[in-house]
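As stored in protein_6.cif (mmCIF, C-alpha atoms):
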```cif
data_coords
loop_
_atom_site.label_atom_id
_atom_site.label_comp_id
_atom_site.auth_asym_id
_atom_site.auth_seq_id
_atom_site.Cartn_x
_atom_site.Cartn_y
_atom_site.Cartn_z
CA MET A 21 63.01 -34.60 26.44
CA LYS A 22 65.24 -37.67 26.35
CA ALA A 23 66.73 -37.22 22.88
CA LEU A 24 67.28 -34.57 20.24
CA ASN A 25 67.28 -35.24 16.49
CA ILE A 26 70.12 -33.16 15.09
CA LYS A 27 70.06 -33.55 11.31
CA GLY A 28 69.34 -37.24 11.72
CA LYS A 29 71.88 -37.71 14.51
CA MET A 30 70.18 -38.69 17.75
CA LEU A 31 71.68 -36.97 20.77
CA ASP A 32 70.68 -38.93 23.86
CA LEU A 33 69.91 -36.53 26.69
CA SER A 34 68.98 -39.11 29.30
CA THR A 35 72.50 -38.30 30.49
CA PRO A 36 73.53 -34.60 30.38
CA LYS A 37 75.92 -33.63 27.61
CA VAL A 38 78.76 -31.14 27.26
CA MET A 39 79.05 -28.40 24.65
CA GLY A 40 82.64 -27.26 24.22
CA ILE A 41 83.28 -23.59 23.50
CA LEU A 42 85.44 -22.67 20.50
CA ASN A 43 85.90 -18.89 20.40
CA ILE A 44 87.54 -17.78 17.16
CA THR A 45 87.48 -14.16 18.29
CA ASP A 46 90.09 -11.61 19.31
CA ASP A 47 88.35 -10.28 22.42
CA SER A 48 86.39 -12.99 24.25
CA PHE A 49 86.55 -12.44 28.01
CA PHE A 50 88.51 -15.64 28.73
CA ASP A 51 90.29 -17.04 25.69
CA GLY A 52 90.14 -14.32 23.03
CA GLY A 53 92.85 -14.64 20.40
CA LYS A 54 93.95 -18.15 21.38
CA TYR A 55 92.16 -20.05 18.60
CA ILE A 56 92.53 -18.06 15.38
CA SER A 57 94.81 -20.18 13.18
CA LYS A 58 93.65 -23.37 11.47
CA ASN A 59 96.00 -25.57 13.50
CA LYS A 60 94.97 -24.05 16.83
CA ILE A 61 91.28 -24.48 15.97
CA LEU A 62 91.75 -28.13 15.04
CA GLU A 63 93.88 -28.81 18.13
CA ARG A 64 91.21 -27.24 20.33
CA CYS A 65 88.44 -29.31 18.73
CA ASP A 66 90.44 -32.52 18.99
CA LYS A 67 91.13 -31.91 22.68
CA MET A 68 87.49 -31.16 23.52
CA LEU A 69 86.20 -34.17 21.58
CA MET A 70 88.77 -36.46 23.22
CA GLU A 71 87.66 -35.18 26.63
CA GLY A 72 84.03 -36.02 25.88
CA ALA A 73 82.31 -33.03 24.28
CA SER A 74 79.20 -33.97 22.29
CA ILE A 75 78.83 -30.57 20.60
CA ILE A 76 81.34 -27.89 19.59
CA ASP A 77 79.96 -24.34 19.71
CA ILE A 78 81.85 -22.00 17.37
CA GLY A 79 81.57 -18.24 17.80
CA ALA A 80 83.26 -15.45 15.85
CA GLN A 81 81.50 -12.52 17.56
CA SER A 82 82.21 -11.75 21.20
CA SER A 83 79.11 -11.25 23.36
CA ARG A 84 80.87 -10.32 26.60
CA PRO A 85 79.41 -7.30 28.43
CA GLY A 86 80.40 -4.11 26.64
CA SER A 87 81.57 -5.86 23.48
CA LYS A 88 81.13 -4.20 20.09
CA SER A 89 79.69 -5.93 17.03
CA ILE A 90 82.19 -6.86 14.33
CA ASN A 91 81.65 -6.56 10.59
CA SER A 92 79.23 -9.27 9.42
CA ASN A 93 81.47 -10.19 6.47
CA LEU A 94 84.35 -10.83 8.86
CA GLU A 95 82.15 -12.90 11.16
CA LYS A 96 80.91 -14.95 8.19
CA GLU A 97 84.41 -15.48 6.80
CA ARG A 98 85.76 -16.66 10.15
CA LEU A 99 82.86 -19.04 10.75
CA LEU A 100 82.75 -20.61 7.29
CA THR A 101 86.51 -21.19 7.28
CA ALA A 102 86.38 -22.81 10.71
CA ILE A 103 83.34 -24.98 9.91
CA THR A 104 84.86 -26.22 6.64
CA ASN A 105 88.16 -27.14 8.31
CA VAL A 106 86.57 -28.74 11.37
CA LYS A 107 84.06 -30.78 9.35
CA HIS A 108 86.83 -31.99 7.04
CA HIS A 109 88.92 -33.31 9.94
CA PHE A 110 86.02 -34.42 12.17
CA PRO A 111 83.21 -35.44 9.77
CA ASP A 112 80.90 -36.81 12.49
CA ILE A 113 81.14 -33.75 14.72
CA ILE A 114 78.03 -31.85 15.80
CA ILE A 115 78.69 -28.15 15.22
CA SER A 116 76.75 -25.34 16.83
CA VAL A 117 77.25 -21.81 15.47
CA ASP A 118 76.91 -18.89 17.87
CA THR A 119 75.34 -16.10 15.80
CA TYR A 120 72.24 -13.91 15.75
CA ASN A 121 72.64 -12.95 12.08
CA SER A 122 70.20 -14.88 9.86
CA SER A 123 72.20 -14.59 6.62
CA ILE A 124 75.31 -15.88 8.39
CA ALA A 125 73.27 -18.69 9.95
CA LYS A 126 71.95 -19.66 6.52
CA SER A 127 75.45 -19.86 5.03
CA CYS A 128 76.75 -21.82 8.01
CA ILE A 129 73.92 -24.34 7.76
CA LYS A 130 74.68 -24.85 4.06
CA ASN A 131 78.30 -25.51 4.98
CA GLY A 132 77.65 -28.06 7.70
CA ALA A 133 76.40 -26.36 10.88
CA ASP A 134 73.96 -28.56 12.79
CA ILE A 135 72.73 -26.10 15.44
CA ILE A 136 72.21 -22.34 15.54
CA ASN A 137 72.87 -20.77 18.94
CA ASP A 138 71.10 -17.39 18.97
CA ILE A 139 71.74 -15.27 22.07
CA SER A 140 68.92 -12.93 21.06
CA ALA A 141 66.20 -15.58 20.51
CA GLY A 142 65.34 -13.94 17.20
CA GLU A 143 65.17 -10.40 18.56
CA LYS A 144 68.27 -9.08 16.76
CA ASP A 145 67.31 -10.46 13.34
CA LYS A 146 63.64 -11.16 12.61
CA GLU A 147 64.53 -13.42 9.66
CA MET A 148 66.33 -15.93 11.89
CA TRP A 149 63.29 -18.02 12.74
CA ALA A 150 62.33 -18.49 9.08
CA ILE A 151 65.87 -19.70 8.33
CA VAL A 152 66.00 -22.25 11.13
CA ALA A 153 62.43 -23.45 10.48
CA GLU A 154 63.10 -23.90 6.76
CA SER A 155 66.37 -25.76 7.33
CA GLY A 156 65.11 -27.88 10.22
CA VAL A 157 68.25 -27.37 12.28
CA THR A 158 68.18 -27.39 16.06
CA TYR A 159 67.81 -23.90 17.49
CA ILE A 160 69.12 -22.66 20.82
CA MET A 161 67.32 -19.57 22.02
CA MET A 162 68.69 -17.65 24.92
CA HIS A 163 67.18 -14.98 27.12
CA MET A 164 69.00 -11.66 27.02
CA LYS A 165 67.87 -8.28 28.27
CA GLY A 166 69.19 -5.51 26.03
CA ASN A 167 72.31 -6.26 23.99
CA PRO A 168 75.96 -6.97 24.84
CA GLU A 169 76.87 -3.29 24.70
CA ASN A 170 74.35 -2.22 27.37
CA MET A 171 72.90 -5.35 28.97
CA GLN A 172 74.66 -4.90 32.31
CA GLU A 173 73.53 -1.30 32.80
CA ASN A 174 71.15 -1.72 35.76
CA PRO A 175 69.02 -4.68 34.54
CA GLN A 176 65.69 -4.92 36.38
CA TYR A 177 62.86 -7.47 36.55
CA ASP A 178 59.59 -7.88 38.41
CA ASN A 179 60.51 -11.50 39.16
CA ILE A 180 63.50 -12.81 37.24
CA THR A 181 62.40 -16.45 36.98
CA ASN A 182 58.77 -15.65 36.17
CA ASP A 183 59.77 -13.03 33.62
CA ILE A 184 62.05 -15.46 31.78
CA MET A 185 59.37 -18.18 31.92
CA VAL A 186 56.87 -15.82 30.25
CA PHE A 187 59.51 -14.88 27.67
CA PHE A 188 60.14 -18.52 26.77
CA GLU A 189 56.47 -19.47 26.78
CA LYS A 190 55.73 -16.88 24.10
CA LYS A 191 58.86 -17.62 22.07
CA ILE A 192 58.35 -21.39 22.08
CA LYS A 193 54.72 -21.06 20.99
CA ASN A 194 55.59 -18.75 18.11
CA LEU A 195 58.60 -20.76 16.98
CA LYS A 196 56.67 -24.04 16.98
CA ALA A 197 53.93 -22.31 14.95
CA LYS A 198 56.59 -21.79 12.26
CA GLY A 199 57.28 -25.51 12.26
CA ASN A 200 60.42 -25.80 14.36
CA GLU A 201 60.24 -28.41 17.13
CA GLN A 202 63.99 -28.86 17.67
CA ILE A 203 64.47 -26.23 20.36
CA ILE A 204 66.92 -25.85 23.25
CA ILE A 205 66.40 -23.10 25.82
CA ASP A 206 69.10 -21.15 27.66
CA PRO A 207 68.19 -18.74 30.51
CA GLY A 208 71.20 -16.60 29.65
CA PHE A 209 73.36 -16.38 32.74
CA GLY A 210 75.17 -13.03 32.73
CA PHE A 211 73.19 -11.54 29.85
CA GLY A 212 71.35 -8.61 31.37
CA LYS A 213 71.36 -9.98 34.93
CA THR A 214 72.88 -8.90 38.21
CA ILE A 215 74.82 -11.42 40.27
CA GLU A 216 71.72 -11.87 42.45
CA HIS A 217 69.56 -12.52 39.38
CA ASN A 218 71.98 -15.20 38.19
CA TYR A 219 71.88 -17.14 41.45
CA GLU A 220 68.11 -16.85 41.67
CA ILE A 221 67.86 -18.42 38.21
CA LEU A 222 70.31 -21.14 39.25
CA ASN A 223 68.18 -22.02 42.27
CA ASN A 224 65.04 -22.16 40.13
CA LEU A 225 66.36 -24.04 37.09
CA GLU A 226 63.91 -26.89 37.58
CA ARG A 227 61.09 -24.48 36.65
CA PHE A 228 62.36 -24.41 33.07
CA GLN A 229 61.87 -28.18 32.77
CA GLU A 230 58.15 -27.43 32.54
CA PHE A 231 58.58 -26.70 28.83
CA GLY A 232 59.71 -30.25 28.10
CA LEU A 233 62.71 -28.96 26.14
CA PRO A 234 66.45 -29.46 26.67
CA LEU A 235 67.90 -26.90 29.07
CA LEU A 236 71.34 -25.49 28.35
CA VAL A 237 73.38 -23.78 31.06
CA GLY A 238 76.40 -21.62 30.24
CA VAL A 239 78.17 -20.25 33.31
CA SER A 240 81.75 -21.14 32.41
CA ARG A 241 84.23 -18.75 34.09
CA LYS A 242 81.69 -15.90 34.09
CA SER A 243 81.66 -12.84 36.34
CA MET A 244 78.89 -14.32 38.52
CA ILE A 245 81.65 -16.66 39.68
CA TYR A 246 84.86 -14.65 39.70
CA ASN A 247 83.35 -11.46 41.10
CA LEU A 248 81.75 -13.41 43.96
CA LEU A 249 85.05 -15.14 44.69
CA ASP A 250 87.13 -11.99 44.19
CA THR A 251 89.27 -13.62 41.53
CA THR A 252 89.58 -13.64 37.71
CA ALA A 253 88.13 -15.63 34.83
CA GLN A 254 91.48 -17.39 34.50
CA LYS A 255 91.19 -18.63 38.11
CA ALA A 256 87.45 -19.43 38.06
CA LEU A 257 87.56 -23.10 37.08
CA ASN A 258 86.84 -24.40 40.57
CA GLY A 259 83.91 -22.00 40.92
CA THR A 260 82.63 -23.04 37.49
CA THR A 261 82.70 -26.67 38.55
CA ALA A 262 80.71 -25.84 41.68
CA ILE A 263 78.03 -24.00 39.68
CA ASN A 264 77.87 -26.77 37.07
CA MET A 265 77.22 -29.30 39.83
CA ILE A 266 74.31 -27.22 41.14
CA ALA A 267 72.97 -26.78 37.61
CA LEU A 268 73.04 -30.54 36.98
CA LEU A 269 71.27 -31.25 40.25
CA ASN A 270 68.62 -28.68 39.28
CA GLY A 271 67.92 -30.14 35.85
CA ALA A 272 70.47 -28.90 33.29
CA ASN A 273 70.69 -31.14 30.20
CA ILE A 274 73.64 -29.48 28.45
CA LEU A 275 76.63 -27.68 29.98
CA ARG A 276 78.33 -25.11 27.73
CA VAL A 277 81.93 -24.88 28.94
CA HIS A 278 85.52 -23.95 28.23
CA ASP A 279 86.78 -26.89 30.32
CA VAL A 280 85.29 -30.10 28.98
CA LYS A 281 87.14 -32.66 31.11
CA GLN A 282 85.98 -31.11 34.38
CA ALA A 283 82.38 -30.82 33.17
CA ILE A 284 82.34 -34.48 32.14
CA GLU A 285 83.60 -35.38 35.61
CA CYS A 286 80.74 -33.35 37.14
CA ILE A 287 78.23 -35.32 35.10
CA LYS A 288 79.76 -38.67 36.08
CA ILE A 289 79.70 -37.80 39.77
CA VAL A 290 76.13 -36.49 39.73
CA ASN A 291 74.85 -39.49 37.78
CA PHE A 292 76.63 -41.95 40.07
CA ALA A 293 75.34 -40.21 43.19
CA LYS A 294 71.78 -40.14 41.83
CA SER A 295 71.92 -43.88 41.12
CA TYR A 296 72.24 -44.49 44.88
CA LYS A 297 69.36 -42.23 45.84
CA LYS A 298 66.80 -44.30 47.79
#
```

Can you give me the file's structure in the form of structure tokens?
Amino acid sequence: MKALNIKGKMLDLSTPKVMGILNITDDSFFDGGKYISKNKILERCDKMLMEGASIIDIGAQSSRPGSKSINSNLEKERLLTAITNVKHHFPDIIISVDTYNSSIAKSCIKNGADIINDISAGEKDKEMWAIVAESGVTYIMMHMKGNPENMQENPQYDNITNDIMVFFEKKIKNLKAKGNEQIIIDPGFGFGKTIEHNYEILNNLERFQEFGLPLLVGVSRKSMIYNLLDTTAQKALNGTTAINMIALLNGANILRVHDVKQAIECIKIVNFAKSYKK
């Protein structure tokens, strides 16, 4: 897919794009608590947009391994306040909302959200697909085994890449039957996968291009990087850049990142290098 129609805004994917992460949570694994106030949220958005982000992904519910769900009213309040403020200051911005709650998604769409980013692909809330189909918003569905509280407790697969392919094949067919064609797929690095699973997916990313849908990769500062390098999330930027380069070479269309500037540089380098391929 070369372009995505996001509420009438055409997002050209002939060149990979960057989705900047805006966590308005207290306990995210990397930047929890940093972007709670209105001013901090707007400063963060402004910085990511200036650095080249095409989409801002706002999340008010941490999905790190072992995280607990927060009250849905609190999640909704945080998201609606952030969306309203961000849209007021950046009216042309494309906002993605990271939630698996259909009622929250519905309210966010009414208040300006352009994309719903559902880590459960409709598994956590069976009403989600009806909401996104009715509204016509772009829908990101991610593969996750289990839920954030237990997903890293000995995840097992017959064949990780094949199993996720079968998962997406069924999901895409059923979602399109409901009338939604604006779909982005995310293999879900770190969500119910061992470190070996994650790198097997990375090496087989091109398989997911078979669906003809945009492919989103979110590895930013995750444990698949810092555990391998025996470091921390705070020191995993270089490792993130390395993984993002591999992902781009293997077909990623969108990089979901904390560090926009470095991801944009990855894209420029890969595109320039590819232009000289004989």

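Evaluated against this file, the PyMOL selection byres ((chain A and resi 98) around 9) yields Ile44, Thr45, Ile56, Gly79, Ala80, Asn93, Leu94, Glu95, Lys96, Glu97, Leu99, Leu100, Thr101, Ala102 and Ile103 of chain A.
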
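Residue nearest A:Asn179, chosen from A:Ala125, A:Ile78, A:Val280, A:Ile221 and counting all atoms listed in the file: A:Ile221.
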
* Using all atoms listed in the file, which of A:Lys294, A:Lys27, A:His278, A:His163 sits nearest A:Phe211? -> A:His163

* Asked: Hey, which of A:Gly232, A:Leu269, A:Ser127, A:Thr214 ends up closest to A:Phe292? Count all atoms listed in the file.
  -> A:Leu269

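With distances restricted to all atoms listed in the file, A:Gln202 is the closest residue to A:Leu24 from A:Gln202, A:Gln282, A:Ser140, A:Ser92.
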
* Once the PyMOL selection byres ((chain A and resi 71) around 10) has been applied to the shown file, what residues remain in the selection, as a ChimeraX atom specification? -> /A:38,40,65-70,72-74,279-285

* How would you write, as a PyMOL selection string, the residues chosen by the PyMOL selection byres ((chain A and resi 199) around 12) on this structure? -> chain A and resi 149-159+192-198+200-203

Go ahead and save the picked residues with C-alpha atoms, as a PDB file, in the frame of the given file.
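Okay, selection.pdb is ready:
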```
ATOM      1  CA  TRP A 149      63.290 -18.020  12.740  1.00  0.00           C
ATOM      2  CA  ALA A 150      62.330 -18.490   9.080  1.00  0.00           C
ATOM      3  CA  ILE A 151      65.870 -19.700   8.330  1.00  0.00           C
ATOM      4  CA  VAL A 152      66.000 -22.250  11.130  1.00  0.00           C
ATOM      5  CA  ALA A 153      62.430 -23.450  10.480  1.00  0.00           C
ATOM      6  CA  GLU A 154      63.100 -23.900   6.760  1.00  0.00           C
ATOM      7  CA  SER A 155      66.370 -25.760   7.330  1.00  0.00           C
ATOM      8  CA  GLY A 156      65.110 -27.880  10.220  1.00  0.00           C
ATOM      9  CA  VAL A 157      68.250 -27.370  12.280  1.00  0.00           C
ATOM     10  CA  THR A 158      68.180 -27.390  16.060  1.00  0.00           C
ATOM     11  CA  TYR A 159      67.810 -23.900  17.490  1.00  0.00           C
ATOM     12  CA  ILE A 192      58.350 -21.390  22.080  1.00  0.00           C
ATOM     13  CA  LYS A 193      54.720 -21.060  20.990  1.00  0.00           C
ATOM     14  CA  ASN A 194      55.590 -18.750  18.110  1.00  0.00           C
ATOM     15  CA  LEU A 195      58.600 -20.760  16.980  1.00  0.00           C
ATOM     16  CA  LYS A 196      56.670 -24.040  16.980  1.00  0.00           C
ATOM     17  CA  ALA A 197      53.930 -22.310  14.950  1.00  0.00           C
ATOM     18  CA  LYS A 198      56.590 -21.790  12.260  1.00  0.00           C
ATOM     19  CA  ASN A 200      60.420 -25.800  14.360  1.00  0.00           C
ATOM     20  CA  GLU A 201      60.240 -28.410  17.130  1.00  0.00           C
ATOM     21  CA  GLN A 202      63.990 -28.860  17.670  1.00  0.00           C
ATOM     22  CA  ILE A 203      64.470 -26.230  20.360  1.00  0.00           C
TER      23      ILE A 203
END
```

* Structure fact -> Computed gap from atom CA of A:Met148 to atom CA of A:Asp178 is 28.5 Å

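Computed from the coordinates, the atom CA of A:Asp206 to atom CA of A:Ile139 distance equals 8.5 Å.
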
Rows by chain and residue number, stretch 23-141 of chain A within 10 Å of stretch 233-238 of chain A, shortest pair, only C-alpha atoms, as CSV:
```
residue,atom,partner,partner_atom,distance
A:Ala23,CA,A:Pro234,CA,8.6
A:Leu24,CA,A:Pro234,CA,8.3
A:Leu33,CA,A:Pro234,CA,7.9
A:Pro36,CA,A:Pro234,CA,9.5
A:Lys37,CA,A:Leu236,CA,9.4
A:Val38,CA,A:Leu236,CA,9.4
A:Met39,CA,A:Leu236,CA,9.0
A:Ile41,CA,A:Gly238,CA,9.8
```

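Between atom CA of A:Ala256 and atom CA of A:Ile205 there is a distance of 24.6 Å.
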
* Quick one: of A:Met185, A:Met244, A:Ile204, A:Ala272, who's nearest to A:Glu230, counting only C-alpha atoms? -> A:Met185
